[in-house]
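Participant: This is upload-v7.cif, which holds mmCIF, C-alpha atoms:
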data_target
loop_
_atom_site.label_atom_id
_atom_site.label_comp_id
_atom_site.auth_asym_id
_atom_site.auth_seq_id
_atom_site.Cartn_x
_atom_site.Cartn_y
_atom_site.Cartn_z
CA MET A 1 15.56 -7.31 -32.16
CA PRO A 2 13.80 -10.46 -33.47
CA PRO A 3 10.14 -10.21 -34.45
CA LEU A 4 7.51 -11.78 -32.23
CA ASP A 5 5.66 -14.92 -33.21
CA GLY A 6 1.88 -14.84 -33.35
CA ASN A 7 1.28 -16.70 -30.09
CA VAL A 8 3.46 -14.32 -28.08
CA GLY A 9 1.82 -11.31 -29.70
CA MET A 10 -1.68 -12.59 -28.92
CA LEU A 11 -0.75 -13.46 -25.33
CA SER A 12 0.75 -10.01 -24.91
CA LEU A 13 -2.46 -8.41 -26.21
CA ILE A 14 -4.51 -10.42 -23.72
CA ALA A 15 -2.15 -9.44 -20.90
CA PHE A 16 -2.37 -5.74 -21.68
CA ALA A 17 -6.17 -6.01 -21.94
CA MET A 18 -6.28 -7.75 -18.56
CA VAL A 19 -4.20 -5.06 -16.86
CA ALA A 20 -6.26 -2.29 -18.46
CA THR A 21 -9.52 -3.93 -17.38
CA PHE A 22 -8.26 -4.37 -13.84
CA MET A 23 -7.18 -0.74 -13.53
CA ALA A 24 -10.40 0.57 -15.05
CA LEU A 25 -12.51 -1.46 -12.63
CA ILE A 26 -10.77 -0.37 -9.44
CA MET A 27 -10.27 3.28 -10.44
CA THR A 28 -13.93 3.66 -11.41
CA LYS A 29 -14.98 1.85 -8.20
CA ARG A 30 -16.90 -0.80 -10.14
CA VAL A 31 -15.49 -3.49 -7.87
CA SER A 32 -13.15 -3.59 -4.91
CA ALA A 33 -9.44 -4.26 -5.40
CA LEU A 34 -9.82 -7.56 -3.53
CA VAL A 35 -12.46 -8.85 -5.96
CA ALA A 36 -10.68 -7.50 -9.06
CA LEU A 37 -7.35 -9.08 -8.09
CA ILE A 38 -9.01 -12.50 -7.99
CA LEU A 39 -11.63 -12.44 -10.75
CA VAL A 40 -10.03 -10.39 -13.53
CA PRO A 41 -6.90 -12.52 -14.04
CA THR A 42 -8.93 -15.71 -13.65
CA VAL A 43 -11.40 -14.72 -16.37
CA PHE A 44 -8.65 -13.61 -18.78
CA ALA A 45 -6.61 -16.76 -18.15
CA LEU A 46 -9.64 -18.91 -18.97
CA LEU A 47 -10.36 -16.85 -22.09
CA ALA A 48 -6.74 -17.37 -23.16
CA GLY A 49 -7.15 -21.13 -22.85
CA PHE A 50 -5.18 -21.75 -19.66
CA HIS A 51 -7.63 -24.19 -18.12
CA LEU A 52 -5.09 -26.82 -17.13
CA GLY A 53 -2.79 -25.93 -14.28
CA LEU A 54 -4.58 -22.70 -13.46
CA GLY A 55 -5.03 -23.68 -9.83
CA ASP A 56 -1.33 -24.48 -9.50
CA MET A 57 -0.40 -21.07 -10.93
CA MET A 58 -2.70 -19.36 -8.43
CA MET A 59 -1.35 -21.30 -5.46
CA LYS A 60 2.23 -20.64 -6.49
CA GLY A 61 1.53 -16.90 -6.53
CA VAL A 62 -0.20 -17.09 -3.14
CA LYS A 63 2.71 -19.06 -1.65
CA GLU A 64 5.24 -16.56 -2.94
CA LEU A 65 3.39 -13.67 -1.29
CA ALA A 66 2.47 -15.60 1.86
CA PRO A 67 5.52 -14.39 3.88
CA THR A 68 4.68 -10.79 2.95
CA GLY A 69 1.04 -11.31 3.90
CA VAL A 70 1.96 -12.80 7.27
CA MET A 71 4.47 -10.02 7.91
CA LEU A 72 1.91 -7.28 7.19
CA VAL A 73 -0.81 -8.93 9.29
CA PHE A 74 1.44 -9.13 12.34
CA ALA A 75 2.97 -5.72 11.64
CA ILE A 76 -0.54 -4.24 11.75
CA LEU A 77 -1.27 -6.07 14.99
CA TYR A 78 2.04 -5.00 16.53
CA PHE A 79 1.90 -1.32 15.63
CA GLY A 80 -1.82 -1.21 16.40
CA LEU A 81 -0.97 -2.51 19.84
CA MET A 82 1.80 0.09 20.24
CA ILE A 83 -0.66 2.85 19.32
CA ASP A 84 -3.16 1.50 21.86
CA VAL A 85 -0.64 1.42 24.69
CA GLY A 86 0.45 5.00 23.91
CA LEU A 87 3.97 4.50 22.57
CA PHE A 88 3.55 7.30 20.03
CA ASP A 89 1.73 9.73 22.35
CA PRO A 90 4.89 11.74 23.25
CA LEU A 91 5.73 12.11 19.56
CA ILE A 92 2.20 13.28 18.78
CA LYS A 93 2.33 15.78 21.65
CA LEU A 94 5.63 17.15 20.37
CA ILE A 95 4.28 17.49 16.83
CA VAL A 96 1.15 19.24 18.09
CA ARG A 97 3.27 21.78 19.96
CA LEU A 98 5.40 22.41 16.89
CA VAL A 99 2.64 22.76 14.28
CA HIS A 100 0.17 24.89 16.32
CA GLY A 101 -2.74 23.58 14.25
CA ASP A 102 -1.31 25.00 11.01
CA PRO A 103 -2.01 22.72 8.00
CA VAL A 104 1.15 23.93 6.23
CA ARG A 105 3.36 22.88 9.14
CA ILE A 106 1.48 19.61 9.51
CA LEU A 107 1.91 18.62 5.87
CA VAL A 108 5.54 19.70 5.63
CA GLY A 109 6.17 17.91 8.93
CA THR A 110 4.53 14.81 7.47
CA ALA A 111 6.94 14.90 4.54
CA ILE A 112 10.00 15.38 6.75
CA LEU A 113 8.94 12.59 9.11
CA ALA A 114 8.18 10.18 6.24
CA LEU A 115 11.47 10.93 4.49
CA ALA A 116 13.37 10.36 7.74
CA VAL A 117 11.60 7.13 8.69
CA SER A 118 11.99 5.82 5.12
CA LEU A 119 15.75 5.65 5.63
CA ASP A 120 15.29 2.07 6.81
CA GLY A 121 14.10 1.16 3.31
CA ASP A 122 10.95 -0.58 4.53
CA GLY A 123 7.72 0.95 3.22
CA ALA A 124 5.40 -0.86 5.62
CA THR A 125 7.28 0.42 8.68
CA THR A 126 7.31 3.96 7.28
CA TYR A 127 3.57 3.94 6.64
CA MET A 128 2.69 2.61 10.06
CA ILE A 129 4.92 4.95 12.06
CA THR A 130 4.06 8.06 10.04
CA THR A 131 0.31 7.50 10.03
CA ALA A 132 0.35 6.60 13.72
CA ALA A 133 1.98 9.94 14.50
CA MET A 134 0.10 12.18 12.05
CA LEU A 135 -3.35 10.71 11.41
CA PRO A 136 -4.85 11.94 14.73
CA LEU A 137 -3.93 15.52 13.74
CA TYR A 138 -5.49 15.22 10.29
CA ARG A 139 -8.70 13.78 11.68
CA HIS A 140 -9.02 16.28 14.49
CA LEU A 141 -8.39 19.29 12.24
CA ARG A 142 -10.69 17.88 9.52
CA MET A 143 -7.81 17.79 7.03
CA ASP A 144 -7.93 15.73 3.84
CA VAL A 145 -6.37 12.35 4.68
CA ARG A 146 -5.72 11.73 0.97
CA MET A 147 -2.98 14.33 1.26
CA LEU A 148 -1.41 12.39 4.11
CA ALA A 149 -1.36 9.19 2.04
CA CYS A 150 -0.03 11.09 -1.00
CA ILE A 151 2.89 12.73 0.82
CA VAL A 152 3.83 9.56 2.69
CA ILE A 153 3.92 7.37 -0.43
CA MET A 154 5.82 10.01 -2.43
CA SER A 155 8.40 10.17 0.34
CA GLY A 156 8.67 6.39 0.22
CA GLY A 157 9.19 6.56 -3.54
CA VAL A 158 12.22 8.81 -3.08
CA MET A 159 13.85 6.67 -0.40
CA ASN A 160 13.01 3.41 -2.19
CA ILE A 161 16.14 4.03 -4.28
CA LEU A 162 18.47 3.45 -1.31
CA PRO A 163 20.90 0.55 -1.92
CA TRP A 164 19.28 -1.58 0.79
CA GLY A 165 15.89 -1.06 -0.84
CA GLY A 166 14.52 -3.74 -3.12
CA PRO A 167 14.70 -2.06 -6.57
CA THR A 168 18.34 -0.97 -6.38
CA ALA A 169 19.36 -4.34 -4.96
CA ARG A 170 17.70 -6.03 -7.93
CA VAL A 171 19.50 -3.77 -10.41
CA ILE A 172 22.84 -4.39 -8.71
CA SER A 173 22.37 -8.15 -8.74
CA VAL A 174 21.05 -8.55 -12.28
CA LEU A 175 23.70 -6.28 -13.84
CA LYS A 176 26.47 -7.54 -11.52
CA LEU A 177 27.54 -4.06 -10.41
CA ASP A 178 28.48 -2.66 -7.01
CA ALA A 179 26.13 -0.48 -5.01
CA GLY A 180 28.26 2.67 -5.23
CA THR A 181 28.37 2.60 -9.02
CA ILE A 182 24.58 2.59 -9.26
CA PHE A 183 23.58 4.65 -6.23
CA VAL A 184 26.10 7.47 -5.71
CA PRO A 185 25.25 9.35 -8.96
CA LEU A 186 21.56 9.19 -7.95
CA ILE A 187 22.00 11.03 -4.63
CA LEU A 188 21.59 14.58 -5.99
CA PRO A 189 18.55 13.65 -8.14
CA MET A 190 17.06 12.08 -5.01
CA VAL A 191 17.64 15.33 -3.11
CA ALA A 192 15.91 17.27 -5.89
CA THR A 193 12.96 14.85 -5.78
CA ALA A 194 12.74 15.14 -1.99
CA LEU A 195 12.54 18.93 -2.39
CA TRP A 196 9.67 18.38 -4.84
CA VAL A 197 7.87 16.31 -2.21
CA LEU A 198 8.33 19.12 0.31
CA PHE A 199 7.01 21.62 -2.24
CA VAL A 200 3.91 19.48 -2.85
CA ALA A 201 3.38 19.22 0.92
CA TYR A 202 3.69 23.01 1.24
CA ARG A 203 1.20 23.51 -1.61
CA PHE A 204 -1.23 21.06 -0.02
CA GLY A 205 -0.84 22.92 3.27
CA LEU A 206 -1.76 26.26 1.69
CA GLN A 207 -4.74 24.63 0.03
CA GLU A 208 -5.94 23.11 3.31
CA ARG A 209 -5.33 26.34 5.21
CA ALA A 210 -7.62 28.17 2.79
CA ARG A 211 -10.27 25.42 2.87
CA LEU A 212 -10.34 25.13 6.66
CA ALA A 213 -10.67 28.91 6.97
CA THR A 214 -14.10 28.63 5.33
CA LEU A 215 -15.40 26.10 7.88
CA PRO A 216 -17.56 27.18 10.82
CA VAL A 217 -15.57 28.01 13.94
CA GLU A 218 -17.17 25.20 15.90
CA ALA A 219 -16.06 22.63 13.30
CA ILE A 220 -12.41 22.87 14.25
CA ASP A 221 -10.34 23.78 17.28
CA GLU A 222 -6.83 24.68 16.14
CA ASP A 223 -5.69 25.35 19.70
CA ALA A 224 -6.70 21.95 21.04
CA SER A 225 -4.10 20.35 23.25
CA ALA A 226 -2.29 17.17 22.35
CA ALA A 227 -4.09 15.40 25.18
CA THR A 228 -7.45 16.38 23.67
CA ILE A 229 -6.45 15.08 20.26
CA LEU A 230 -5.17 11.82 21.68
CA THR A 231 -8.28 11.33 23.75
CA GLN A 232 -10.69 12.13 20.91
CA ASP A 233 -8.88 9.90 18.45
CA ASN A 234 -8.55 6.98 20.83
CA GLU A 235 -11.61 7.16 23.05
CA SER A 236 -12.20 3.42 22.76
CA HIS A 237 -8.60 2.63 23.69
CA VAL A 238 -8.09 4.78 26.81
CA GLU A 239 -8.16 1.70 29.01
CA ALA A 240 -5.40 0.16 26.89
CA ARG A 241 -2.85 2.90 27.70
CA ARG A 242 0.27 1.64 29.48
CA PRO A 243 2.25 4.80 30.39
CA ARG A 244 4.37 2.95 32.97
CA LEU A 245 5.57 0.54 30.27
CA ILE A 246 6.44 3.19 27.67
CA TRP A 247 10.21 2.65 27.93
CA VAL A 248 9.76 -1.11 27.77
CA ASN A 249 7.65 -0.74 24.63
CA PHE A 250 10.12 1.74 23.18
CA ALA A 251 13.02 -0.67 23.79
CA LEU A 252 11.04 -3.50 22.23
CA THR A 253 10.20 -1.43 19.14
CA ALA A 254 13.76 -0.12 18.80
CA GLY A 255 15.07 -3.67 19.07
CA LEU A 256 12.59 -4.76 16.40
CA MET A 257 13.77 -1.98 14.05
CA VAL A 258 17.43 -2.97 14.58
CA ALA A 259 16.62 -6.62 13.93
CA LEU A 260 14.72 -5.66 10.76
CA VAL A 261 17.63 -3.62 9.40
CA MET A 262 20.18 -6.31 10.30
CA GLY A 263 18.01 -9.08 8.91
CA LEU A 264 18.48 -11.28 11.97
CA LEU A 265 15.35 -13.29 11.13
CA PRO A 266 12.73 -13.22 8.36
CA LEU A 267 10.48 -10.16 8.63
CA ALA A 268 7.37 -12.22 9.24
CA VAL A 269 9.01 -14.09 12.11
CA LEU A 270 10.33 -10.87 13.69
CA PHE A 271 6.89 -9.25 13.73
CA MET A 272 5.24 -12.41 15.04
CA LEU A 273 7.74 -12.63 17.90
CA ALA A 274 7.53 -8.90 18.65
CA PHE A 275 3.73 -9.01 18.72
CA ALA A 276 3.68 -12.02 21.02
CA VAL A 277 6.13 -10.41 23.46
CA ALA A 278 4.31 -7.05 23.38
CA MET A 279 0.94 -8.67 23.99
CA THR A 280 2.26 -10.71 26.90
CA ILE A 281 3.98 -7.74 28.55
CA ASN A 282 1.16 -5.22 28.12
CA PHE A 283 -1.90 -7.46 28.42
CA PRO A 284 -1.19 -10.59 30.47
CA SER A 285 -4.92 -11.21 30.87
CA LEU A 286 -6.46 -13.52 28.24
CA THR A 287 -9.61 -11.36 28.14
CA ALA A 288 -7.58 -8.20 27.45
CA GLN A 289 -5.62 -9.99 24.73
CA ARG A 290 -8.85 -11.01 23.01
CA GLU A 291 -10.09 -7.42 23.14
CA ARG A 292 -6.89 -6.08 21.54
CA LEU A 293 -7.01 -8.75 18.83
CA SER A 294 -10.63 -7.91 18.08
CA ALA A 295 -9.81 -4.21 17.89
CA HIS A 296 -7.32 -4.72 15.05
CA ALA A 297 -8.58 -7.90 13.40
CA GLY A 298 -10.53 -5.97 10.76
CA ASN A 299 -7.50 -4.04 9.55
CA ALA A 300 -5.27 -7.11 9.60
CA LEU A 301 -7.77 -9.27 7.73
CA ALA A 302 -8.44 -6.62 5.09
CA VAL A 303 -4.75 -6.14 4.29
CA GLY A 304 -3.92 -9.84 4.51
CA GLY A 305 -6.79 -10.69 2.16
CA LEU A 306 -5.55 -8.18 -0.40
CA ILE A 307 -2.03 -9.58 -0.30
CA PHE A 308 -3.19 -13.14 -0.93
CA ALA A 309 -5.52 -11.90 -3.68
CA ALA A 310 -2.54 -10.14 -5.27
CA GLY A 311 -0.85 -13.55 -5.23
CA ILE A 312 -3.58 -14.83 -7.56
CA PHE A 313 -2.90 -11.93 -9.94
CA THR A 314 0.89 -12.31 -9.98
CA GLY A 315 0.69 -16.11 -10.09
CA ILE A 316 -1.43 -16.02 -13.25
CA LEU A 317 0.72 -13.30 -14.83
CA SER A 318 3.85 -15.40 -14.30
CA GLY A 319 2.41 -18.87 -14.80
CA THR A 320 0.77 -18.07 -18.13
CA LYS A 321 3.96 -16.27 -19.28
CA MET A 322 1.93 -13.10 -19.83
CA VAL A 323 4.70 -11.11 -18.17
CA ASP A 324 7.28 -12.52 -20.58
CA ALA A 325 5.02 -11.79 -23.55
CA MET A 326 4.50 -8.18 -22.46
CA ALA A 327 8.25 -7.69 -22.04
CA ALA A 328 9.01 -9.30 -25.40
CA THR A 329 6.41 -7.16 -27.15
CA VAL A 330 7.85 -3.92 -25.83
CA THR A 331 11.50 -4.74 -26.45
CA ALA A 332 10.80 -6.13 -29.94
CA ASN A 333 8.96 -2.98 -30.96
CA ILE A 334 11.76 -0.53 -30.15
CA PRO A 335 13.06 0.38 -33.64
CA PRO A 336 16.84 0.53 -34.20
CA VAL A 337 16.63 4.26 -34.96
CA LEU A 338 15.71 4.81 -31.29
CA GLY A 339 18.70 2.82 -30.04
CA PRO A 340 20.78 5.87 -29.04
CA TYR A 341 17.83 7.02 -26.91
CA LEU A 342 17.55 3.68 -25.11
CA ALA A 343 18.45 5.08 -21.66
CA PRO A 344 15.56 7.58 -21.45
CA ILE A 345 13.29 5.01 -23.13
CA THR A 346 14.19 2.56 -20.35
CA ALA A 347 13.37 5.24 -17.77
CA LEU A 348 9.93 5.73 -19.33
CA LEU A 349 9.34 1.99 -19.59
CA SER A 350 10.24 1.57 -15.92
CA ALA A 351 7.52 4.06 -14.94
CA VAL A 352 4.92 2.08 -16.88
CA PHE A 353 6.02 -1.49 -16.29
CA THR A 354 6.88 -1.32 -12.60
CA PHE A 355 3.32 -0.06 -12.14
CA PHE A 356 1.63 -2.88 -14.05
CA ILE A 357 3.99 -5.76 -13.29
CA SER A 358 6.21 -6.61 -10.34
CA ASN A 359 9.70 -5.24 -9.78
CA ASP A 360 11.05 -8.76 -10.20
CA ALA A 361 9.43 -9.13 -13.62
CA PHE A 362 10.81 -5.82 -14.86
CA TYR A 363 14.31 -5.89 -13.37
CA PHE A 364 15.01 -9.60 -13.85
CA GLY A 365 13.04 -10.01 -17.08
CA MET A 366 13.25 -6.81 -19.10
CA LEU A 367 16.31 -4.94 -17.81
CA PRO A 368 18.91 -7.52 -18.96
CA ILE A 369 17.51 -7.39 -22.50
CA LEU A 370 17.40 -3.59 -22.51
CA SER A 371 20.89 -3.36 -21.04
CA GLU A 372 22.32 -5.73 -23.66
CA SER A 373 20.65 -3.69 -26.39
CA GLY A 374 21.97 -0.45 -24.91
CA ALA A 375 25.54 -1.78 -24.98
CA HIS A 376 25.35 -1.86 -28.79
CA TYR A 377 24.88 1.91 -28.72
CA GLY A 378 27.60 2.65 -26.17
CA ILE A 379 25.30 2.93 -23.14
CA THR A 380 26.90 1.26 -20.11
CA PRO A 381 25.03 -1.24 -17.90
CA ALA A 382 25.38 1.21 -14.97
CA GLN A 383 23.67 3.97 -16.96
CA MET A 384 20.89 1.61 -18.01
CA GLY A 385 20.50 0.42 -14.43
CA ARG A 386 20.14 3.97 -13.12
CA ALA A 387 17.63 4.79 -15.85
CA ALA A 388 15.62 1.72 -14.87
CA LEU A 389 15.21 3.09 -11.34
CA MET A 390 13.40 6.26 -12.48
CA GLY A 391 10.00 4.56 -12.41
CA GLN A 392 10.16 3.90 -8.67
CA GLN A 393 8.57 7.32 -8.13
CA ILE A 394 5.34 5.82 -9.51
CA HIS A 395 5.83 2.15 -8.68
CA LEU A 396 4.50 2.33 -5.11
CA LEU A 397 1.04 3.22 -6.46
CA SER A 398 0.89 -0.16 -8.19
CA PRO A 399 -1.88 -2.51 -7.05
CA LEU A 400 0.82 -5.20 -6.85
CA VAL A 401 2.72 -3.44 -4.03
CA ALA A 402 1.68 -5.04 -0.76
CA SER A 403 2.59 -2.16 1.54
CA THR A 404 0.33 0.25 -0.37
CA TYR A 405 -2.73 -1.64 0.89
CA LEU A 406 -1.41 -1.16 4.40
CA LEU A 407 -1.21 2.61 3.89
CA VAL A 408 -4.70 3.04 2.44
CA GLY A 409 -6.11 0.71 5.10
CA PHE A 410 -4.58 2.76 7.91
CA VAL A 411 -5.70 6.07 6.41
CA GLY A 412 -9.15 4.74 5.57
CA ILE A 413 -9.44 5.32 1.81
CA GLU A 414 -9.86 3.04 -1.20
CA LEU A 415 -6.88 2.14 -3.38
CA GLY A 416 -8.53 3.58 -6.51
CA GLU A 417 -9.25 6.85 -4.73
CA HIS A 418 -5.64 7.02 -3.55
CA GLN A 419 -4.36 6.37 -7.07
CA ARG A 420 -6.58 9.03 -8.66
CA PHE A 421 -5.52 11.64 -6.12
CA THR A 422 -1.80 10.83 -5.99
CA LEU A 423 -0.87 9.75 -9.51
CA LYS A 424 -0.32 13.22 -10.98
CA TRP A 425 1.89 14.26 -8.06
CA ALA A 426 3.85 11.01 -8.23
CA PHE A 427 4.28 11.59 -11.95
CA GLY A 428 5.70 14.99 -11.01
CA SER A 429 8.24 13.19 -8.82
CA PHE A 430 9.16 11.01 -11.78
CA VAL A 431 9.63 14.06 -14.02
CA VAL A 432 11.84 15.80 -11.43
CA PHE A 433 13.92 12.67 -10.84
CA PHE A 434 14.21 12.06 -14.59
CA LEU A 435 15.20 15.62 -15.53
CA ALA A 436 17.63 16.01 -12.62
CA SER A 437 19.29 12.73 -13.61
CA LEU A 438 19.63 13.87 -17.22
CA LEU A 439 21.05 17.25 -16.25
CA LEU A 440 23.56 15.68 -13.87
CA GLY A 441 24.67 13.07 -16.39
CA VAL A 442 23.35 10.08 -14.47
CA PHE A 443 22.46 8.55 -17.85
CA PRO A 444 22.64 10.02 -21.36
CA PHE A 445 19.66 11.34 -23.28
CA TYR A 446 21.38 10.39 -26.55
CA SER A 447 24.39 8.17 -26.98
CA THR A 448 26.81 9.32 -29.67
CA THR A 449 29.07 6.24 -29.35
#
Please go through the file and, once you have read it, give me the structure as structure tokens.

Facilitator:
Amino acid sequence: MPPLDGNVGMLSLIAFAMVATFMALIMTKRVSALVALILVPTVFALLAGFHLGLGDMMMKGVKELAPTGVMLVFAILYFGLMIDVGLFDPLIKLIVRLVHGDPVRILVGTAILALAVSLDGDGATTYMITTAAMLPLYRHLRMDVRMLACIVIMSGGVMNILPWGGPTARVISVLKLDAGTIFVPLILPMVATALWVLFVAYRFGLQERARLATLPVEAIDEDASAATILTQDNESHVEARRPRLIWVNFALTAGLMVALVMGLLPLAVLFMLAFAVAMTINFPSLTAQRERLSAHAGNALAVGGLIFAAGIFTGILSGTKMVDAMAATVTANIPPVLGPYLAPITALLSAVFTFFISNDAFYFGMLPILSESGAHYGITPAQMGRAALMGQQIHLLSPLVASTYLLVGFVGIELGEHQRFTLKWAFGSFVVFFLASLLLGVFPFYSTT
């Protein structure tokens, strides 16, 4: 591979320093993610001499993420409204009857529910439905909500590999391959990784069972009825319940899910329409509508603000060509002697780079170069594409993934806290996925061609 020129090398160094500074600040709780997403890239861009056109770069990034921001804001409002009117109450009652207040059953049930809901390939929907069903149980039983967020996002990482998910679709398009060629060999490694998620949930459950056993008896009521849990968790929303409209709301939500999967309209438009219809049906009074909007405005604003702030970060990364410089630095520094190992190297790079830069930047920017290099050593594009998907087990913890802010906002924890708690378990998912793929011949560890 050709050597880098000095300008690219310096820009790459600045980019890596910027990412490291950003991560250090949010993980040590020096500043909030919202502030860091705006200020850190701005300061580093100015230090790198990008004074002219900086505003245009920022606005371009914001515009690119605007549809996602709008979608998440209205998704929060819609599902918040569905929780208020009691759409998920029957599901919560059923879960309460099944788990009998046992943390092990609750956590394993969380994993199963998240894995099942993730089949639609949409992380935001998975997070909202799973947390709506399970969070009241965690809060009532005084369980650690970080475990809920951890299991849900790990489940999403497994199912993110589905062909209709974003990463696999990118690999298919950039390498010009069909979905079956990329995805089918990954099914068994995905099953192995899902079993790892269930094991982690079981381990968490044992840990919580032991911890809760040390609490005073009055601190927890494991035999509380579902009605008690629902009432305690939603005391301020009792007047918003609409039991007579439950089938109407169910039909509306089911129709929304079908429309999302079929792609009938842009996601943002679908959620806006669904929210407007749901609000009109359930709360025809203008006063009641204002109350429901006020009840969820804080959540919606917090998540929406983070998405637009992330647009500043990604806009500067792309506009200054820092992403390109980072990619060029890595690919140029892979020595020829490591060429036969390029498939596992790509897997490792995917874990790192899809955390620090967007999926688009990695799959459209780096993967074609890596795939072309791998061909010289007899590694097929399909094998390189599968290897490039290994990092998705960690990717969802990235501060550049919009839906992650939705999850931590719903659960009520900071992004840095979520990352510190979950990262080692997500890394375990990566290791399981990686090793299972190697053992099953999904991609070669060493190419002898």

Participant: Can you tell me which residues surround A:Leu113 at a distance of at most 10 Å, considering only C-alpha atoms, apart from same-chain residues fewer than 2 positions away, and format the answer as a PyMOL selection string?

Facilitator: chain A and resi 107-111+115-118+126+129-130+133-134+152+155

Participant: Since we have the selection now, will you write its residues out, keeping C-alpha atoms, as a JSON list (two decimals), in the coordinates of the input?

Facilitator:
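Result saved to part.json:
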[["chain", "number", "residue", "atom", "x", "y", "z"],
["A", 107, "LEU", "CA", 1.91, 18.62, 5.87],
["A", 108, "VAL", "CA", 5.54, 19.70, 5.63],
["A", 109, "GLY", "CA", 6.17, 17.91, 8.93],
["A", 110, "THR", "CA", 4.53, 14.81, 7.47],
["A", 111, "ALA", "CA", 6.94, 14.90, 4.54],
["A", 115, "LEU", "CA", 11.47, 10.93, 4.49],
["A", 116, "ALA", "CA", 13.37, 10.36, 7.74],
["A", 117, "VAL", "CA", 11.60, 7.13, 8.69],
["A", 118, "SER", "CA", 11.99, 5.82, 5.12],
["A", 126, "THR", "CA", 7.31, 3.96, 7.28],
["A", 129, "ILE", "CA", 4.92, 4.95, 12.06],
["A", 130, "THR", "CA", 4.06, 8.06, 10.04],
["A", 133, "ALA", "CA", 1.98, 9.94, 14.50],
["A", 134, "MET", "CA", 0.10, 12.18, 12.05],
["A", 152, "VAL", "CA", 3.83, 9.56, 2.69],
["A", 155, "SER", "CA", 8.40, 10.17, 0.34]]

Participant: Taking all atoms listed in the file into account, name the residue in A:Val184, A:Met326, A:Leu252, A:Met18 that is nearest to A:Phe275.

Facilitator: A:Leu252

Participant: Can you tell me how far atom CA of A:Ser32 sits from atom CA of A:Ala351, in Å to one decimal?

Facilitator: 24.2 Å

Participant: Select, from A:Met147, A:Ala436, A:Ala124, A:Leu186, the residue with the minimum atom-to-atom distance to A:Ala75, counting all atoms listed in the file.

Facilitator: A:Ala124

Participant: Please determine, counting all atoms listed in the file, which residue among A:Pro284, A:Pro90, A:Phe22, A:His418 has the shortest atom-to-atom distance to A:Leu34.

Facilitator: A:Phe22

Participant: List as a PyMOL selection string the protein and nucleic acid residues near A:Gly385, meaning an atom at most 10 Å away when all atoms listed in the file are counted, but skip any in the same chain fewer than 4 places from it.

Facilitator: chain A and resi 168+170-172+174-175+177+181-183+343+346-347+363+367-368+370-371+380-381+389-390+443

Participant: Evaluating the PyMOL selection byres ((chain A and resi 57-60) around 9) on the displayed file yields which residues, as a PDB file with C-alpha atoms, keeping the file's coordinate frame?

Facilitator:
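Below is the file out_0.pdb, written as the result:
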ATOM      1  CA  THR A  42      -8.930 -15.710 -13.650  1.00  0.00           C
ATOM      2  CA  GLY A  53      -2.790 -25.930 -14.280  1.00  0.00           C
ATOM      3  CA  LEU A  54      -4.580 -22.700 -13.460  1.00  0.00           C
ATOM      4  CA  GLY A  55      -5.030 -23.680  -9.830  1.00  0.00           C
ATOM      5  CA  ASP A  56      -1.330 -24.480  -9.500  1.00  0.00           C
ATOM      6  CA  GLY A  61       1.530 -16.900  -6.530  1.00  0.00           C
ATOM      7  CA  VAL A  62      -0.200 -17.090  -3.140  1.00  0.00           C
ATOM      8  CA  LYS A  63       2.710 -19.060  -1.650  1.00  0.00           C
ATOM      9  CA  GLU A  64       5.240 -16.560  -2.940  1.00  0.00           C
ATOM     10  CA  LEU A  65       3.390 -13.670  -1.290  1.00  0.00           C
ATOM     11  CA  GLY A 311      -0.850 -13.550  -5.230  1.00  0.00           C
ATOM     12  CA  ILE A 312      -3.580 -14.830  -7.560  1.00  0.00           C
ATOM     13  CA  PHE A 313      -2.900 -11.930  -9.940  1.00  0.00           C
ATOM     14  CA  THR A 314       0.890 -12.310  -9.980  1.00  0.00           C
ATOM     15  CA  GLY A 315       0.690 -16.110 -10.090  1.00  0.00           C
ATOM     16  CA  ILE A 316      -1.430 -16.020 -13.250  1.00  0.00           C
ATOM     17  CA  LEU A 317       0.720 -13.300 -14.830  1.00  0.00           C
ATOM     18  CA  SER A 318       3.850 -15.400 -14.300  1.00  0.00           C
ATOM     19  CA  GLY A 319       2.410 -18.870 -14.800  1.00  0.00           C
ATOM     20  CA  THR A 320       0.770 -18.070 -18.130  1.00  0.00           C
TER      21      THR A 320
END

Participant: Enumerate, as a compact mmCIF listing (two decimals) with C-alpha atoms, keeping the file's coordinate frame, the residues matched when the PyMOL selection byres ((chain A and resi 272) around 10) is run on the file above.

Facilitator:
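Output below, filename out_1.txt:
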# COMPACT_ATOMS: atom_id res chain seq x y z
CA VAL A 70 1.96 -12.80 7.27
CA MET A 71 4.47 -10.02 7.91
CA LEU A 72 1.91 -7.28 7.19
CA VAL A 73 -0.81 -8.93 9.29
CA PHE A 74 1.44 -9.13 12.34
CA ALA A 75 2.97 -5.72 11.64
CA LEU A 77 -1.27 -6.07 14.99
CA TYR A 78 2.04 -5.00 16.53
CA LEU A 267 10.48 -10.16 8.63
CA ALA A 268 7.37 -12.22 9.24
CA VAL A 269 9.01 -14.09 12.11
CA LEU A 270 10.33 -10.87 13.69
CA PHE A 271 6.89 -9.25 13.73
CA LEU A 273 7.74 -12.63 17.90
CA ALA A 274 7.53 -8.90 18.65
CA PHE A 275 3.73 -9.01 18.72
CA ALA A 276 3.68 -12.02 21.02
CA VAL A 277 6.13 -10.41 23.46
CA ALA A 278 4.31 -7.05 23.38

Participant: So what does the PyMOL selection byres ((chain A and resi 287-291) around 12) actually pick up in this one, as number ranges by chain?

Facilitator: A: 77, 81, 84, 236-237, 239-240, 275-286, 292-297
